[in-house]
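K.L.:
Let me give you the structure first, and then I'll get to my questions.
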Amino acid sequence: MRQFQVHLGDALRTAPNVTVLFNAHLVSVETSADRGHVRRLLCASLCEGDHLRRFPVEAGCYVLAMGGIETVRVLKLSGDLGNNRGDHLGRGFMVHPLLTTAAEAHFAAPVPLEVRSFFRDQQVRLRPGTGREEPFVHDSAPLVSPALMAKYHVFNAWGVLVPTAAAMAEERMGNFRAILRFDPAGDRAEINLNWEQVPNEESRISLDPSHVDPVFGQPVVRADWRLSEEDKRTAVRALDLVRDHLEKNGSTRFRILTDLSGGAAHWTFGKADTAIATGDHHMGALRMSASPDDGIVDPDCRFHAIDNLYAVGSAVFPTSGYANPTLTIVALALRLADRLRRGAGAAPPGHSS
Ligand SMILES: Cc1cc2nc3c(=O)[nH]c(=O)nc-3n(C[C@H](O)[C@H](O)[C@H](O)COP(=O)(O)OP(=O)(O)OC[C@H]3O[C@@H](n4cnc5c(N)ncnc54)[C@H](O)[C@@H]3O)c2cc1C
């Protein structure tokens, strides 16, 4: 948000058709009686003395961009909006499962620096720029000098292994990324495994009526994140493939450090790096689908059943891959912005706004 303000502050202030409201919390979405059209948004601001000021916001079309979970919550608070006849709203919630330290590999000789740094050298990085006009600069040049590393905001200094499409099809497994974090000596690496969760209707976002937030008095979210046997199988097979690959490339010892016994329900969630964790990427629960029978938004991010409501964010992802989601979110947002600029978001005849 800060960068957004720095870059676009002047343009937003002077734009005749833009009003920016700070400290405006969306409380619910109000639709027409047939629920096919958004009439207005009901918002609230926390003012001095903890006074709550409520106000409506009206527009021709509306884009909800409140992150991977909150958008679903507000739709549920607004009466399960979005063609929820099929009970899809909130279902298919996904997070990238993560084993920070899944295994370790030892090598007879130090792995060459170029191999260890391969992933890092292929990345496009964001480097601080020189002035206010240019706070960050893209940089894709190889980076091998440790002295330069500290200057970069985003980098991965480890080798990485991902499966080929053929391996995934043959193994019938999800996609994964194994990052090798080498010791300084280069002869031992810890394996960080991050993978694709299979879409699962039982993994879901719902409301928790027994807990309300203290400011707006609305039920908070209950996130019931569920992994399946297929998800566990992907992790097990991914580590097998990584072991095979490393043993063919100089690894003399490979040791699994996490507990992969039992089914998905037996997975250990704990504080240890070897236990399973979530990868900070909330996706799904507002699934994009070609048909209204299969999801909530259409391929243009518009709600199937509401003619002037859109959602942008990872909640619309029907599948999750293993990779960080934000670039895809930005791509979807830019595509939707183009569409709306061309006028596709205008309310069709017969509806008032
Ligand atoms: C620790 C961490 C590390 C991450 N690292 C990466 C990474 O390296 N690469 C990557 O691609 N992704 C990463 N992610 C994921 C990334 O942050 C998200 O994918 C991204 O922020 C989603 O963008 P968004 O605009 O959809 O939602 P958000 O960034 O969550 O923005 C939603 C906004 O809506 C506002 N909001 C929420 N509810 C309301 C309401 N009711 N009314 C008004 N406003 C509301 C929120 O205050 C927020 O400003 C990381 C996430 C975490 C937590």
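The way I read the labels, and the way they are meant: chains A, B, ... in the order of the structure tokens, residue 1 as the first residue of every chain, and ligand 1 as the first ligand shown, with later ones counted on from there.
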Within 9 Å of ligand 1 (counting only C-alpha atoms and all ligand atoms), which residues show up? I'd like them as a ChimeraX atom specification.
P.N.:
/A:1,23-28,43-44,64-71,73-74,154,279-283,312-315,323-330
K.L.:
Restricting the output to N, CA, C and O atoms, write the selected residues as a compact mmCIF listing (two decimals), in the first residue's frame.
P.N.:
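Below is the file selection.txt, written as the result:
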```
# COMPACT_ATOMS: atom_id res chain seq x y z
N MET A 1 0.84 -1.21 0.00
CA MET A 1 0.00 0.00 0.00
C MET A 1 0.88 1.26 0.00
O MET A 1 0.60 2.20 -0.71
N ASN A 23 -9.07 3.78 6.06
CA ASN A 23 -9.74 3.33 7.27
C ASN A 23 -11.22 3.02 7.02
O ASN A 23 -12.09 3.36 7.79
N ALA A 24 -11.46 2.41 5.85
CA ALA A 24 -12.84 2.05 5.51
C ALA A 24 -12.95 0.54 5.47
O ALA A 24 -12.34 -0.11 4.62
N HIS A 25 -13.68 0.00 6.39
CA HIS A 25 -13.79 -1.46 6.52
C HIS A 25 -15.09 -1.92 5.87
O HIS A 25 -16.17 -1.42 6.22
N LEU A 26 -15.00 -2.87 4.96
CA LEU A 26 -16.21 -3.40 4.35
C LEU A 26 -16.88 -4.38 5.32
O LEU A 26 -16.27 -5.38 5.73
N VAL A 27 -18.11 -4.06 5.66
CA VAL A 27 -18.83 -4.89 6.62
C VAL A 27 -19.72 -5.91 5.91
O VAL A 27 -19.77 -7.07 6.28
N SER A 28 -20.40 -5.46 4.85
CA SER A 28 -21.20 -6.42 4.07
C SER A 28 -21.55 -5.83 2.71
O SER A 28 -21.41 -4.63 2.48
N CYS A 43 -20.03 -0.03 4.77
CA CYS A 43 -18.68 0.10 5.35
C CYS A 43 -18.77 0.74 6.73
O CYS A 43 -19.81 1.30 7.11
N ALA A 44 -17.65 0.67 7.43
CA ALA A 44 -17.58 1.31 8.75
C ALA A 44 -16.15 1.77 9.00
O ALA A 44 -15.19 1.15 8.54
N LEU A 64 -13.91 -6.90 -5.19
CA LEU A 64 -13.46 -7.24 -3.84
C LEU A 64 -12.03 -7.76 -3.92
O LEU A 64 -11.75 -8.68 -4.68
N ALA A 65 -11.14 -7.16 -3.17
CA ALA A 65 -9.72 -7.56 -3.20
C ALA A 65 -9.19 -7.57 -1.78
O ALA A 65 -8.28 -6.83 -1.43
N MET A 66 -9.77 -8.41 -0.96
CA MET A 66 -9.46 -8.37 0.48
C MET A 66 -8.65 -9.57 0.94
O MET A 66 -8.71 -9.95 2.11
N GLY A 67 -7.91 -10.15 0.01
CA GLY A 67 -7.05 -11.26 0.41
C GLY A 67 -7.74 -12.60 0.28
O GLY A 67 -8.93 -12.70 -0.04
N GLY A 68 -6.97 -13.66 0.55
CA GLY A 68 -7.42 -15.03 0.27
C GLY A 68 -8.51 -15.55 1.20
O GLY A 68 -9.16 -16.54 0.88
N ILE A 69 -8.75 -14.90 2.33
CA ILE A 69 -9.74 -15.43 3.28
C ILE A 69 -10.86 -14.43 3.54
O ILE A 69 -12.04 -14.78 3.55
N GLU A 70 -10.50 -13.16 3.72
CA GLU A 70 -11.48 -12.17 4.17
C GLU A 70 -12.60 -11.95 3.15
O GLU A 70 -13.76 -11.72 3.53
N THR A 71 -12.27 -12.05 1.87
CA THR A 71 -13.31 -11.86 0.85
C THR A 71 -14.41 -12.90 1.04
O THR A 71 -15.61 -12.59 0.95
N ARG A 73 -15.16 -14.40 3.81
CA ARG A 73 -15.88 -14.10 5.06
C ARG A 73 -16.97 -13.06 4.81
O ARG A 73 -18.12 -13.22 5.23
N VAL A 74 -16.62 -11.99 4.10
CA VAL A 74 -17.60 -10.92 3.88
C VAL A 74 -18.77 -11.43 3.03
O VAL A 74 -19.93 -11.08 3.28
N VAL A 154 14.94 -9.54 -2.22
CA VAL A 154 14.38 -10.86 -2.52
C VAL A 154 15.45 -11.70 -3.19
O VAL A 154 15.91 -11.35 -4.27
N GLY A 279 2.42 -22.65 4.16
CA GLY A 279 3.34 -21.80 3.40
C GLY A 279 2.89 -20.36 3.22
O GLY A 279 3.31 -19.72 2.26
N ASP A 280 2.03 -19.83 4.07
CA ASP A 280 1.63 -18.41 4.02
C ASP A 280 0.84 -18.01 2.78
O ASP A 280 0.67 -16.82 2.52
N HIS A 281 0.43 -18.95 1.96
CA HIS A 281 -0.28 -18.60 0.72
C HIS A 281 -1.69 -19.16 0.79
O HIS A 281 -1.89 -20.37 0.64
N HIS A 282 -2.66 -18.29 1.02
CA HIS A 282 -4.05 -18.74 1.13
C HIS A 282 -4.70 -18.68 -0.23
O HIS A 282 -4.72 -17.62 -0.86
N MET A 283 -5.24 -19.79 -0.68
CA MET A 283 -5.81 -19.84 -2.04
C MET A 283 -7.12 -20.63 -2.03
O MET A 283 -7.38 -21.40 -1.10
N VAL A 312 -10.76 -10.20 -6.95
CA VAL A 312 -9.37 -10.39 -7.37
C VAL A 312 -8.59 -10.91 -6.18
O VAL A 312 -8.67 -10.36 -5.08
N GLY A 313 -7.85 -11.97 -6.41
CA GLY A 313 -7.03 -12.51 -5.33
C GLY A 313 -6.89 -14.01 -5.51
O GLY A 313 -7.50 -14.62 -6.41
N SER A 314 -6.09 -14.61 -4.64
CA SER A 314 -5.80 -16.03 -4.79
C SER A 314 -7.00 -16.90 -4.42
O SER A 314 -6.98 -18.10 -4.66
N ALA A 315 -8.05 -16.31 -3.83
CA ALA A 315 -9.24 -17.12 -3.52
C ALA A 315 -9.86 -17.68 -4.79
O ALA A 315 -10.53 -18.71 -4.74
N ALA A 323 3.94 -22.74 -6.43
CA ALA A 323 4.70 -21.49 -6.44
C ALA A 323 3.97 -20.36 -5.72
O ALA A 323 2.75 -20.40 -5.53
N ASN A 324 4.73 -19.34 -5.37
CA ASN A 324 4.17 -18.16 -4.71
C ASN A 324 3.06 -17.55 -5.59
O ASN A 324 3.20 -17.48 -6.80
N PRO A 325 1.98 -17.09 -4.98
CA PRO A 325 0.79 -16.74 -5.77
C PRO A 325 0.72 -15.31 -6.28
O PRO A 325 -0.11 -15.00 -7.14
N THR A 326 1.55 -14.41 -5.77
CA THR A 326 1.23 -12.99 -5.94
C THR A 326 1.36 -12.51 -7.38
O THR A 326 0.58 -11.66 -7.83
N LEU A 327 2.32 -13.06 -8.13
CA LEU A 327 2.45 -12.64 -9.52
C LEU A 327 1.16 -12.96 -10.31
O LEU A 327 0.69 -12.17 -11.12
N THR A 328 0.59 -14.12 -10.01
CA THR A 328 -0.66 -14.51 -10.70
C THR A 328 -1.81 -13.59 -10.26
O THR A 328 -2.65 -13.20 -11.08
N ILE A 329 -1.82 -13.23 -8.97
CA ILE A 329 -2.87 -12.31 -8.48
C ILE A 329 -2.76 -10.97 -9.23
O ILE A 329 -3.76 -10.41 -9.69
N VAL A 330 -1.53 -10.48 -9.36
CA VAL A 330 -1.33 -9.20 -10.04
C VAL A 330 -1.75 -9.31 -11.52
O VAL A 330 -2.40 -8.42 -12.06
```
K.L.:
What are the DSSP strand (DSSP E or B) residues of segment 87-322 of chain A, as JSON, numbers by chain?
P.N.:
{"A": [91, 94, 95, 96, 97, 98, 99, 100, 101, 102, 103, 104, 105, 106, 107, 125, 126, 127, 128, 129, 130, 131, 134, 135, 136, 137, 138, 139, 159, 160, 161, 176, 177, 178, 179, 180, 181, 182, 188, 189, 190, 191, 192, 193, 194, 195, 204, 205, 206, 207, 208, 209, 210, 211, 212, 219, 220, 221, 222, 223, 224, 251, 252, 253, 254, 255, 256, 269, 276, 277, 278, 279, 280, 281, 282, 283, 288, 297, 302, 303, 309, 310, 311]}
K.L.:
What gap, in Å, lies between atom CA of Leu246 of chain A and atom CA of Val198 of chain A?
P.N.:
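Rounded to one decimal, the two atoms are 26.3 Å apart.
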K.L.:
Mind checking which residues fall within 10 Å of Ile306 of chain A, counting only C-alpha atoms, ignoring those fewer than 6 positions away in the same chain, and posting them as a PyMOL selection string?
P.N.:
chain A and resi 31-32+34-38+81-83+296-297
K.L.:
Can you measure atom CA of Ile205 of chain A to atom CA of Trp225 of chain A for me? One decimal in Å is fine.
P.N.:
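For atom CA of Ile205 of chain A relative to atom CA of Trp225 of chain A, the distance reads 8.1 Å.
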